[in-house]
Each structure stands twice: as C-alpha cells, then as structure tokens.
>>> print(open('final06.tsv').read())   # TSV, C-alpha atoms and all ligand atoms
chain	number	residue	atom	x	y	z
A	1	MET	CA	59.44	-15.76	32.21
A	2	ASP	CA	60.46	-18.52	34.76
A	3	ARG	CA	56.98	-18.47	36.21
A	4	LYS	CA	53.98	-20.57	35.26
A	5	ILE	CA	51.11	-18.44	33.99
A	6	GLY	CA	47.58	-19.84	34.14
A	7	PHE	CA	44.47	-18.42	32.53
A	8	ILE	CA	41.00	-18.87	33.98
A	9	GLY	CA	38.84	-18.49	30.88
A	10	GLY	CA	40.21	-19.29	27.43
A	11	GLY	CA	38.18	-16.85	25.34
A	12	ASN	CA	39.11	-14.06	22.91
A	13	MET	CA	41.29	-11.98	25.18
A	14	ALA	CA	43.11	-14.93	26.78
A	15	GLU	CA	43.88	-16.22	23.29
A	16	ALA	CA	45.21	-12.84	22.20
A	17	ILE	CA	47.56	-12.70	25.22
A	18	ILE	CA	48.64	-16.34	24.85
A	19	LYS	CA	49.42	-15.91	21.15
A	20	GLY	CA	51.37	-12.77	21.96
A	21	LEU	CA	53.32	-14.41	24.79
A	22	LEU	CA	54.28	-17.35	22.57
A	23	ALA	CA	55.39	-14.99	19.81
A	24	GLY	CA	57.35	-13.08	22.47
A	25	GLY	CA	59.33	-16.23	23.33
A	26	VAL	CA	57.44	-17.65	26.35
A	27	PRO	CA	57.47	-21.46	26.06
A	28	ALA	CA	54.05	-23.14	25.76
A	29	ALA	CA	55.03	-25.37	28.70
A	30	GLU	CA	54.83	-22.30	30.98
A	31	LEU	CA	51.21	-21.59	29.98
A	32	ALA	CA	48.00	-23.33	31.06
A	33	VAL	CA	44.31	-22.56	30.51
A	34	SER	CA	41.25	-23.68	32.43
A	35	GLU	CA	38.16	-23.40	30.26
A	36	PRO	CA	34.73	-25.13	30.41
A	37	SER	CA	34.13	-25.34	26.66
A	38	GLU	CA	35.63	-28.52	25.22
A	39	ALA	CA	35.75	-26.98	21.76
A	40	ARG	CA	37.77	-24.02	23.05
A	41	ARG	CA	40.08	-26.29	25.04
A	42	ASN	CA	40.82	-28.39	21.96
A	43	LEU	CA	41.37	-25.31	19.81
A	44	LEU	CA	43.81	-23.78	22.30
A	45	ALA	CA	45.72	-27.03	22.73
A	46	GLU	CA	45.96	-27.70	19.00
A	47	ARG	CA	46.72	-24.15	17.95
A	48	TYR	CA	49.16	-23.16	20.71
A	49	GLY	CA	50.28	-26.34	22.47
A	50	VAL	CA	49.43	-24.93	25.91
A	51	HIS	CA	48.33	-27.14	28.81
A	52	ILE	CA	44.53	-27.21	29.01
A	53	LEU	CA	42.16	-28.34	31.75
A	54	ASN	CA	38.66	-27.79	33.05
A	55	ASP	CA	39.44	-27.20	36.71
A	56	ASN	CA	40.10	-23.71	38.03
A	57	VAL	CA	41.35	-24.93	41.43
A	58	GLN	CA	43.90	-27.24	39.81
A	59	LEU	CA	44.95	-24.45	37.48
A	60	CYS	CA	45.66	-22.21	40.48
A	61	ARG	CA	47.71	-24.96	42.14
A	62	MET	CA	49.94	-25.37	39.10
A	63	SER	CA	50.40	-21.64	38.33
A	64	ASP	CA	52.43	-18.84	39.92
A	65	ALA	CA	50.38	-16.09	38.28
A	66	ILE	CA	46.72	-16.53	37.34
A	67	VAL	CA	45.12	-14.32	34.71
A	68	LEU	CA	41.41	-13.89	35.41
A	69	ALA	CA	40.04	-13.79	31.86
A	70	VAL	CA	36.36	-14.56	32.41
A	71	LYS	CA	33.48	-12.12	31.94
A	72	PRO	CA	32.89	-9.75	34.85
A	73	GLN	CA	29.37	-11.18	35.17
A	74	VAL	CA	30.75	-14.55	36.35
A	75	ALA	CA	33.51	-13.16	38.59
A	76	GLY	CA	31.61	-13.90	41.82
A	77	GLN	CA	30.86	-17.49	40.86
A	78	VAL	CA	34.41	-18.20	39.62
A	79	LEU	CA	36.32	-16.53	42.46
A	80	GLY	CA	33.94	-17.78	45.15
A	81	ALA	CA	34.68	-21.35	44.07
A	82	LEU	CA	38.46	-20.83	44.39
A	83	GLY	CA	38.24	-20.08	48.09
A	84	ALA	CA	40.72	-18.20	50.29
A	85	GLY	CA	44.32	-19.07	51.21
A	86	LEU	CA	45.92	-18.55	47.78
A	87	THR	CA	48.29	-15.86	49.07
A	88	ASP	CA	51.32	-17.45	47.38
A	89	LYS	CA	49.70	-16.70	43.99
A	90	LEU	CA	49.44	-13.52	41.99
A	91	PHE	CA	46.02	-12.85	40.46
A	92	ILE	CA	46.06	-10.67	37.35
A	93	SER	CA	42.54	-9.59	36.50
A	94	ILE	CA	41.73	-8.32	33.03
A	95	MET	CA	37.99	-8.16	33.81
A	96	ALA	CA	36.44	-4.82	32.92
A	97	GLY	CA	35.06	-2.88	35.86
A	98	VAL	CA	35.63	-5.41	38.66
A	99	LYS	CA	37.63	-3.64	41.38
A	100	SER	CA	40.70	-5.14	43.07
A	101	ALA	CA	39.00	-4.70	46.47
A	102	ALA	CA	36.06	-6.81	45.25
A	103	ILE	CA	38.47	-9.52	44.02
A	104	GLU	CA	40.30	-9.43	47.36
A	105	GLY	CA	36.90	-9.65	49.05
A	106	MET	CA	36.18	-12.88	47.15
A	107	LEU	CA	39.67	-14.45	47.40
A	108	GLY	CA	40.51	-13.39	50.93
A	109	SER	CA	41.74	-10.02	52.19
A	110	GLU	CA	45.41	-11.02	51.80
A	111	ALA	CA	45.07	-11.86	48.10
A	112	ARG	CA	47.67	-10.31	45.79
A	113	VAL	CA	45.81	-8.71	42.88
A	114	VAL	CA	46.97	-6.64	39.92
A	115	ARG	CA	44.43	-5.31	37.44
A	116	VAL	CA	45.21	-4.86	33.75
A	117	MET	CA	43.10	-3.44	30.95
A	118	PRO	CA	44.62	-4.87	27.74
A	119	ASN	CA	43.22	-4.84	24.20
A	120	THR	CA	42.96	-7.30	21.31
A	121	PRO	CA	45.89	-5.98	19.22
A	122	ALA	CA	47.93	-7.95	21.80
A	123	LEU	CA	47.29	-10.74	19.29
A	124	VAL	CA	49.85	-9.13	16.96
A	125	LEU	CA	52.08	-7.78	19.76
A	126	GLN	CA	50.62	-4.27	19.35
A	127	GLY	CA	48.44	-4.21	22.44
A	128	ALA	CA	48.01	-1.25	24.77
A	129	SER	CA	47.67	-2.24	28.43
A	130	ALA	CA	47.21	-0.15	31.53
A	131	ILE	CA	48.17	-1.74	34.85
A	132	SER	CA	47.07	-0.96	38.36
A	133	ARG	CA	48.30	-2.55	41.58
A	134	GLY	CA	45.94	-3.88	44.23
A	135	TYR	CA	46.41	-3.38	47.97
A	136	ASN	CA	48.55	-6.49	48.71
A	137	ALA	CA	50.41	-6.81	45.42
A	138	THR	CA	54.17	-6.38	45.72
A	139	GLU	CA	56.62	-4.45	43.56
A	140	ASP	CA	57.72	-7.83	42.18
A	141	ASP	CA	54.10	-8.61	41.23
A	142	LEU	CA	53.89	-5.34	39.33
A	143	VAL	CA	57.20	-6.03	37.59
A	144	LEU	CA	56.08	-9.54	36.55
A	145	THR	CA	52.74	-8.22	35.25
A	146	ARG	CA	54.51	-5.54	33.28
A	147	ARG	CA	56.92	-8.11	31.82
A	148	ILE	CA	53.97	-10.23	30.66
A	149	PHE	CA	52.10	-7.38	29.00
A	150	ASP	CA	55.25	-5.67	27.62
A	151	LEU	CA	55.67	-8.82	25.54
A	152	VAL	CA	52.38	-8.15	23.78
A	153	GLY	CA	52.59	-4.36	23.30
A	154	THR	CA	53.01	-1.21	25.35
A	155	THR	CA	52.17	-0.83	29.04
A	156	CYS	CA	51.58	2.01	31.45
A	157	VAL	CA	50.75	2.08	35.14
A	158	VAL	CA	47.70	4.07	36.26
A	159	ASP	CA	45.73	4.60	39.44
A	160	GLU	CA	42.93	2.04	39.65
A	161	LYS	CA	40.22	4.70	39.53
A	162	LEU	CA	41.35	5.54	35.98
A	163	LEU	CA	40.92	2.00	34.62
A	164	ASP	CA	37.31	2.72	33.59
A	165	ALA	CA	38.63	5.59	31.45
A	166	VAL	CA	41.31	3.29	30.00
A	167	THR	CA	38.58	0.79	29.08
A	168	GLY	CA	36.72	3.61	27.29
A	169	VAL	CA	39.79	4.66	25.28
A	170	SER	CA	41.93	1.57	24.56
A	171	GLY	CA	40.15	-1.50	25.99
A	172	SER	CA	37.10	-1.06	23.78
A	173	GLY	CA	38.93	1.26	21.36
A	174	PRO	CA	39.75	-1.36	18.72
A	175	ALA	CA	36.02	-1.76	18.07
A	176	TYR	CA	35.60	1.97	17.38
A	177	VAL	CA	38.66	2.02	15.13
A	178	LEU	CA	37.45	-1.02	13.19
A	179	THR	CA	34.06	0.65	12.74
A	180	PHE	CA	35.85	3.68	11.32
A	181	ILE	CA	37.95	1.52	8.97
A	182	GLU	CA	34.85	-0.34	7.84
A	183	ALA	CA	33.01	2.92	7.13
A	184	LEU	CA	36.00	4.38	5.29
A	185	SER	CA	36.22	1.21	3.20
A	186	ASP	CA	32.46	1.39	2.47
A	187	ALA	CA	32.95	4.93	1.25
A	188	GLY	CA	35.74	3.78	-1.05
A	189	VAL	CA	33.53	1.05	-2.46
A	190	LYS	CA	30.74	3.60	-2.95
A	191	HIS	CA	33.15	5.60	-5.08
A	192	GLY	CA	34.23	2.65	-7.21
A	193	LEU	CA	37.18	1.00	-5.41
A	194	THR	CA	37.14	-2.74	-4.94
A	195	ARG	CA	36.53	-3.90	-1.35
A	196	ASP	CA	40.06	-5.29	-1.02
A	197	VAL	CA	41.72	-2.12	-2.23
A	198	ALA	CA	39.44	0.12	-0.16
A	199	THR	CA	40.01	-1.86	3.07
A	200	ALA	CA	43.77	-2.06	2.50
A	201	LEU	CA	43.97	1.70	1.92
A	202	ALA	CA	41.77	2.47	4.94
A	203	ALA	CA	43.68	0.14	7.28
A	204	GLN	CA	47.12	1.34	6.17
A	205	THR	CA	45.96	4.94	6.58
A	206	VAL	CA	44.98	4.31	10.21
A	207	TYR	CA	48.16	2.31	10.89
A	208	GLY	CA	50.46	4.82	9.19
A	209	THR	CA	48.81	7.82	10.81
A	210	ALA	CA	49.10	6.24	14.26
A	211	LYS	CA	52.80	5.54	13.60
A	212	LEU	CA	53.34	9.10	12.37
A	213	LEU	CA	51.69	10.50	15.50
A	214	MET	CA	53.65	8.25	17.84
A	215	GLU	CA	56.99	8.92	16.19
A	216	SER	CA	56.53	12.69	15.84
A	217	HIS	CA	55.26	13.27	19.40
A	218	GLU	CA	53.17	16.13	17.96
A	219	HIS	CA	49.64	17.04	19.01
A	220	PRO	CA	47.13	15.35	16.62
A	221	ALA	CA	45.76	18.76	15.63
A	222	ALA	CA	49.20	19.86	14.35
A	223	LEU	CA	49.54	16.82	12.10
A	224	LYS	CA	45.95	17.21	10.94
A	225	SER	CA	46.71	20.73	9.87
A	226	ASN	CA	49.54	19.40	7.65
A	227	VAL	CA	46.98	17.37	5.67
A	228	ALA	CA	44.54	20.19	5.09
A	229	SER	CA	45.62	22.51	2.25
A	230	PRO	CA	43.95	25.95	2.15
A	231	GLY	CA	40.81	25.70	0.05
A	232	GLY	CA	41.53	22.01	-0.52
A	233	THR	CA	39.75	18.68	-0.13
A	234	THR	CA	40.60	17.80	3.47
A	235	ILE	CA	39.25	20.96	5.08
A	236	ALA	CA	35.96	20.41	3.23
A	237	ALA	CA	35.80	16.86	4.60
A	238	MET	CA	36.74	18.02	8.12
A	239	HIS	CA	33.90	20.55	8.04
A	240	SER	CA	31.52	17.77	7.08
A	241	LEU	CA	32.79	15.50	9.89
A	242	ASP	CA	32.33	18.32	12.42
A	243	ARG	CA	28.85	19.11	11.12
A	244	ASP	CA	27.85	15.44	11.40
A	245	GLY	CA	29.10	15.20	14.97
A	246	PHE	CA	32.04	12.81	14.46
A	247	ARG	CA	34.06	14.09	17.40
A	248	ALA	CA	31.04	14.39	19.69
A	249	ALA	CA	29.89	10.89	18.69
A	250	THR	CA	33.34	9.53	19.64
A	251	ILE	CA	33.38	11.29	23.01
A	252	ASN	CA	29.78	10.21	23.70
A	253	ALA	CA	30.70	6.58	22.95
A	254	VAL	CA	33.58	6.72	25.43
A	255	ASP	CA	31.28	8.33	28.03
A	256	VAL	CA	28.85	5.42	27.67
A	257	CYS	CA	31.67	2.85	27.77
A	258	VAL	CA	33.15	4.35	30.95
A	259	ALA	CA	29.71	4.42	32.57
A	260	ARG	CA	29.14	0.77	31.66
A	261	SER	CA	32.54	-0.18	33.10
A	262	LYS	CA	31.65	1.57	36.38
A	263	GLU	CA	28.28	-0.21	36.37
A	264	LEU	CA	29.99	-3.63	35.94
A	265	GLY	CA	32.12	-2.76	38.97
A	266	GLU	CA	29.04	-2.13	41.10
A	267	LYS	CA	27.46	-5.54	40.53
A	301	LIG	N1	37.65	-8.86	24.38
A	301	LIG	C1	38.34	-7.74	24.63
A	301	LIG	O1	38.65	-6.96	23.72
A	301	LIG	C2	38.73	-7.43	26.03
A	301	LIG	C3	38.23	-8.12	27.11
A	301	LIG	N2	38.60	-7.80	28.38
A	301	LIG	C4	38.09	-8.56	29.50
A	301	LIG	O2	38.54	-9.88	29.34
A	301	LIG	C5	37.59	-10.79	29.90
A	301	LIG	C6	37.31	-11.86	28.90
A	301	LIG	O3	36.73	-11.27	27.75
A	301	LIG	P1	36.64	-12.07	26.39
A	301	LIG	O4	37.88	-12.89	26.23
A	301	LIG	O5	36.28	-11.11	25.35
A	301	LIG	O6	35.41	-13.02	26.72
A	301	LIG	P2	35.10	-14.50	26.21
A	301	LIG	O7	33.67	-14.76	26.48
A	301	LIG	O8	35.63	-14.66	24.83
A	301	LIG	O9	36.00	-15.41	27.18
A	301	LIG	C7	35.63	-15.79	28.46
A	301	LIG	C8	35.87	-17.30	28.57
A	301	LIG	O10	35.68	-17.69	29.91
A	301	LIG	C9	35.02	-18.96	29.89
A	301	LIG	N3	34.38	-19.24	31.17
A	301	LIG	C10	33.08	-19.05	31.53
A	301	LIG	N4	32.88	-19.50	32.78
A	301	LIG	C11	34.07	-19.99	33.22
A	301	LIG	C12	34.49	-20.61	34.42
A	301	LIG	N5	33.65	-20.81	35.43
A	301	LIG	N6	35.76	-21.01	34.52
A	301	LIG	C13	36.66	-20.83	33.51
A	301	LIG	N7	36.30	-20.23	32.33
A	301	LIG	C14	35.04	-19.83	32.20
A	301	LIG	C15	34.04	-18.81	28.75
A	301	LIG	O11	33.59	-20.08	28.34
A	301	LIG	P3	32.09	-20.17	27.72
A	301	LIG	O12	32.10	-19.32	26.51
A	301	LIG	O13	31.94	-21.64	27.45
A	301	LIG	O14	31.17	-19.64	28.79
A	301	LIG	C16	34.91	-18.11	27.70
A	301	LIG	O15	35.62	-19.04	26.92
A	301	LIG	C17	36.36	-9.98	30.28
A	301	LIG	O16	36.33	-9.82	31.66
A	301	LIG	C18	36.57	-8.66	29.59
A	301	LIG	O17	36.05	-7.60	30.36
A	301	LIG	C19	39.52	-6.80	28.63
A	301	LIG	C20	40.04	-6.09	27.62
A	301	LIG	C21	39.68	-6.30	26.23
A	302	LIG	O1	33.32	-5.22	25.84
A	302	LIG	C1	33.85	-5.49	26.91
A	302	LIG	O2	33.15	-5.51	27.96
A	302	LIG	C2	35.32	-5.79	26.99
A	302	LIG	C3	36.06	-4.85	27.90
A	302	LIG	C4	36.98	-4.04	27.02
A	302	LIG	C5	36.80	-4.63	25.69
A	302	LIG	N1	35.93	-5.59	25.70
>>> encode(input="final06.tsv", output="structure tokens")
Amino acid sequence: MDRKIGFIGGGNMAEAIIKGLLAGGVPAAELAVSEPSEARRNLLAERYGVHILNDNVQLCRMSDAIVLAVKPQVAGQVLGALGAGLTDKLFISIMAGVKSAAIEGMLGSEARVVRVMPNTPALVLQGASAISRGYNATEDDLVLTRRIFDLVGTTCVVDEKLLDAVTGVSGSGPAYVLTFIEALSDAGVKHGLTRDVATALAAQTVYGTAKLLMESHEHPAALKSNVASPGGTTIAAMHSLDRDGFRAATINAVDVCVARSKELGEK
C-alpha cells in the first residue's frame, strides 16, 4: 500500500477491515489503531500485530490516511479534538449518515474527505463497499480508498446522496441476511434437522444462490422461476411468503434504515 493507514476507533468494523487488509497482503507495520478501551487495544495488538495507541492526534501525525471508525454519535467530539490544519492527510469516514461537508466543517474547510459505507463480510474479504468523494478529495485519494476497500471485497463509487440507500441495502444488510439464515435454520430444526445441519444448509443456500446470481447476471426473478416447478413445492412456499409480507417487510426495513441514516446525518 506504501501508505500508513490509521484507524480512529478499533471496534467491530475497524477490526473487519484490518483483518481483511492483512489477509490481502498489507503489512501490520503499515496499520495503526487509536482506541480508548485497553481491552480492545490489547486484543488488536495480540491478534493482528498492528500498532496501537490511545491518542487520536498522534495517530493522525503518524498516518497518511485516517479511517474514521467511531460511532456517528461521537463524531463531533472526536473530530473537534483533532483540530484544523490536517490538509496533508486523507480522512476516510465509514460513519453512517455523517456527511462529508459536516466532517470538513469539523476538520477545516480544506480537509480531504472520502466517505465509504463498507460491511462486515470485509472480515472474510467478501465485503461490499460504496465510496463517495468529498469536496477537496483528489483523484489520488479516491484511488487509494478504492485500493484499500478492493482488498476486502468489491467496491463501487456513488454520489454521496445515495450513501444512505447503500447503508439500507449493504451496510446493514448482513444483519437482515443473518436473520433470514437463522429463521431458515430454525425451520429446519422444527422439521427434525439438527441445528448444525440446518444452519450449514441454510448458509450454503444463501451463499450459493448469491454466487449463482452474480455469475449468471440474470434478474433474480428469472432464477427464482427456475426453482419453482409448476404445481410444486416452491411456488406454494412463495405464495406463503408473499401472503406473510416477506418482500414488504424487507422493503420496510430498508426504508427505516435509510431514514435512520439520514437522521444520524442531521445531528
Ligand atoms: N458494524 C457495521 O456493520 C458497520 C459499521 N459502520 C460504521 O462504522 C463505525 C463503527 O462501527 P462499529 O465498528 O460497529 O462500532 P464499535 O462501537 O464496535 O466501534 C467503535 C469504536 O470506537 C471507539 N471509540 C469511542 N470513542 C472514541 C474516541 N474518542 N477515540 C477513538 N475511538 C473511540 C469505541 O470504544 P468504546 O467501545 O470503548 O467506546 C469502539 O471501540 C460507525 O460509525 C458505523 O456507522 C459502517 C458500516 C458497517
Ligand atoms: O448499525 C449501524 O448503525 C451501522 C451502520 C451500517 C451497519 N451498522
């Protein structure tokens, strides 16, 4: 990568990205994390060998690109304490909702900011990240950000106003998918499968179906139709899912998620 990458906040998402970057060949010596919890610092140092500290200002000094991986609710406090004048640094914010203009407002109007909405499958190099460039960020900043997140999955570039929608689909998406897998596994157990077998079958079905969809480039409805034999089992189940509002429940959940992301951006 040739550039030092620092993380402010060493929580779940930072860990997922760090693990992915290491697996993608980035040396631990190029990564540093500033994190207030001693337990987290020790865990990150022991598990990944990255440099750890409890000083966000020092972290910025020693890094070329700084990933803002704290909760949106503490953005003001964290960024306010960094102060202005860090124009030689790139700030990569993964915070849900918080707009690049607000980050520039807190770091100084010249601050170079790129926003990314990643997701936790980055942990196994299967993340989906959408990237959006702030006002002062350069083409090189965008390229570097893309290189970082390409190492942990797929990336796309979107207009910043669409990042709330991205959060609704892929940022929070793993939680919906895991709920579905859990429910499918429960159903298997209800019908006599062991938990291990039911969860393995449910997870592989989601994984395999996603791979099939991505490799075929077909519309999901076309592939769905291939599963449903006339008068068969699948069409009966699909009728039941429609009757119970499965699709509407999914769309409603994304609506609420997008609204919450917008709300976090207004604080
Ligand atoms: N989790 C996910 O799936 C995704 C999360 N995101 C975004 O990533 C960000 C982080 O989320 P997530 O990793 O889940 O949250 P976590 O709470 O797991 O991580 C945040 C970390 O920041 C630490 N922290 C708190 N205050 C400071 C501070 N002043 N300086 C440095 N570190 C601090 C917290 O420490 P402590 O716990 O001790 O307060 C915690 O370890 C959020 O903004 C979220 O919107 C984006 C996409 C997906
Ligand atoms: O729940 C959250 O707020 C974060 C943002 C996307 C996924 N997790």
>>> axis_aligned_box(input="final06.tsv", around="range 39-54 of chain A", padding_each_side="3 Å", output="lines of an AutoDock Vina configuration file")
center_x = 43.0
center_y = -25.8
center_z = 25.5
size_x = 20.5
size_y = 11.2
size_z = 21.1
>>> atom_distance(input="final06.tsv", atom1="CA of Gly127 in chain A", atom2="CA of Ser93 in chain A")
16.2 Å
>>> closest_atom_pairs(input="final06.tsv", of="chain A", to="ligand LIG 301 (chain A)", cutoff="6 Å", atoms="all atoms listed in the file", output="JSON lines")
{"residue": "A:Ile8", "atom": "CA", "partner": "A:LIG301", "partner_atom": "C13", "distance": 4.8}
{"residue": "A:Gly9", "atom": "CA", "partner": "A:LIG301", "partner_atom": "O10", "distance": 3.4}
{"residue": "A:Gly10", "atom": "CA", "partner": "A:LIG301", "partner_atom": "O15", "distance": 4.6}
{"residue": "A:Gly11", "atom": "CA", "partner": "A:LIG301", "partner_atom": "O9", "distance": 3.2}
{"residue": "A:Asn12", "atom": "CA", "partner": "A:LIG301", "partner_atom": "O4", "distance": 3.7}
{"residue": "A:Met13", "atom": "CA", "partner": "A:LIG301", "partner_atom": "O4", "distance": 3.7}
{"residue": "A:Ala14", "atom": "CA", "partner": "A:LIG301", "partner_atom": "O4", "distance": 5.6}
{"residue": "A:Ser34", "atom": "CA", "partner": "A:LIG301", "partner_atom": "C13", "distance": 5.5}
{"residue": "A:Glu35", "atom": "CA", "partner": "A:LIG301", "partner_atom": "N7", "distance": 4.2}
{"residue": "A:Pro36", "atom": "CA", "partner": "A:LIG301", "partner_atom": "O13", "distance": 5.4}
{"residue": "A:Ser37", "atom": "CA", "partner": "A:LIG301", "partner_atom": "O13", "distance": 4.4}
{"residue": "A:Ala69", "atom": "CA", "partner": "A:LIG301", "partner_atom": "C5", "distance": 4.3}
{"residue": "A:Val70", "atom": "CA", "partner": "A:LIG301", "partner_atom": "O10", "distance": 4.1}
{"residue": "A:Lys71", "atom": "CA", "partner": "A:LIG301", "partner_atom": "O16", "distance": 3.7}
{"residue": "A:Pro72", "atom": "CA", "partner": "A:LIG301", "partner_atom": "O16", "distance": 4.7}
{"residue": "A:Val78", "atom": "CA", "partner": "A:LIG301", "partner_atom": "N5", "distance": 5.0}
{"residue": "A:Ile94", "atom": "CA", "partner": "A:LIG301", "partner_atom": "C4", "distance": 5.1}
{"residue": "A:Met95", "atom": "CA", "partner": "A:LIG301", "partner_atom": "O16", "distance": 3.2}
{"residue": "A:Ala96", "atom": "CA", "partner": "A:LIG301", "partner_atom": "O17", "distance": 3.8}
{"residue": "A:Met117", "atom": "CA", "partner": "A:LIG301", "partner_atom": "C20", "distance": 5.2}
{"residue": "A:Pro118", "atom": "CA", "partner": "A:LIG301", "partner_atom": "C20", "distance": 4.7}
{"residue": "A:Asn119", "atom": "CA", "partner": "A:LIG301", "partner_atom": "C21", "distance": 4.3}
{"residue": "A:Thr120", "atom": "CA", "partner": "A:LIG301", "partner_atom": "O1", "distance": 4.9}
{"residue": "A:Gly171", "atom": "CA", "partner": "A:LIG301", "partner_atom": "C21", "distance": 4.8}
>>> atom_distance(input="final06.tsv", atom1="CA of Cys156 in chain A", atom2="CA of Val116 in chain A")
9.6 Å
>>> closest_residue(input="final06.tsv", among="A:Val113, A:Leu21, A:Ala165, A:Cys60", to="ligand LIG 302 (chain A)", atoms="all atoms listed in the file")
A:Ala165
>>> residues_around(input="final06.tsv", residues="Gly25 in chain A", least_positions_apart="4", cutoff="10 Å", atoms="only C-alpha atoms", output="list of chain:residue names")
A:Met1, A:Gly20, A:Leu21, A:Leu151
>>> closest_residue(input="final06.tsv", among="A:Val152, A:Val227, A:Ala202, A:Leu264", to="ligand LIG 302 (chain A)", atoms="all atoms listed in the file")
A:Leu264
>>> closest_residue(input="final06.tsv", among="A:Lys262, A:His217, A:His191, A:Arg61", to="ligand LIG 302 (chain A)", atoms="all atoms listed in the file")
A:Lys262
>>> closest_residue(input="final06.tsv", among="A:Gly245, A:Gly232, A:Gly173, A:Gly83", to="ligand LIG 302 (chain A)", atoms="all atoms listed in the file")
A:Gly173
>>> residues_around(input="final06.tsv", residues="Ser185 in chain A", least_positions_apart="4", cutoff="12 Å", atoms="only C-alpha atoms", output="short mmCIF file (atom, residue, chain, number, x, y, z; two decimals) with C-alpha atoms, keeping the file's coordinate frame")
data_model
loop_
_atom_site.label_atom_id
_atom_site.label_comp_id
_atom_site.auth_asym_id
_atom_site.auth_seq_id
_atom_site.Cartn_x
_atom_site.Cartn_y
_atom_site.Cartn_z
CA LEU A 178 37.45 -1.02 13.19
CA THR A 179 34.06 0.65 12.74
CA PHE A 180 35.85 3.68 11.32
CA ILE A 181 37.95 1.52 8.97
CA VAL A 189 33.53 1.05 -2.46
CA LYS A 190 30.74 3.60 -2.95
CA HIS A 191 33.15 5.60 -5.08
CA GLY A 192 34.23 2.65 -7.21
CA LEU A 193 37.18 1.00 -5.41
CA THR A 194 37.14 -2.74 -4.94
CA ARG A 195 36.53 -3.90 -1.35
CA ASP A 196 40.06 -5.29 -1.02
CA VAL A 197 41.72 -2.12 -2.23
CA ALA A 198 39.44 0.12 -0.16
CA THR A 199 40.01 -1.86 3.07
CA ALA A 200 43.77 -2.06 2.50
CA LEU A 201 43.97 1.70 1.92
CA ALA A 202 41.77 2.47 4.94
CA ALA A 203 43.68 0.14 7.28
CA GLN A 204 47.12 1.34 6.17
CA THR A 205 45.96 4.94 6.58
CA VAL A 206 44.98 4.31 10.21
#
>>> residues_around(input="final06.tsv", residues="Met62 in chain A", least_positions_apart="5", cutoff="12 Å", atoms="only C-alpha atoms", output="count of residues only")
20
>>> residues_around(input="final06.tsv", residues="Asp164 in chain A", least_positions_apart="4", cutoff="9 Å", atoms="all atoms listed in the file", output="number ranges by chain")
A: 96-97, 117, 160, 168-169, 257-262
>>> atom_distance(input="final06.tsv", atom1="CA of Val254 in chain A", atom2="CA of His219 in chain A")
20.1 Å
>>> residues_around(input="final06.tsv", residues="Ile92 in chain A", least_positions_apart="5", cutoff="8 Å", atoms="only C-alpha atoms", output="PyMOL selection string")
chain A and resi 65-68+113-116+145
>>> closest_residue(input="final06.tsv", among="A:Ser132, A:Ile148, A:Val98, A:Arg247", to="Gln73 in chain A", atoms="all atoms listed in the file")
A:Val98
>>> closest_residue(input="final06.tsv", among="A:Ser172, A:Thr138, A:Thr209, A:Ser63", to="Lys224 in chain A", atoms="all atoms listed in the file")
A:Thr209
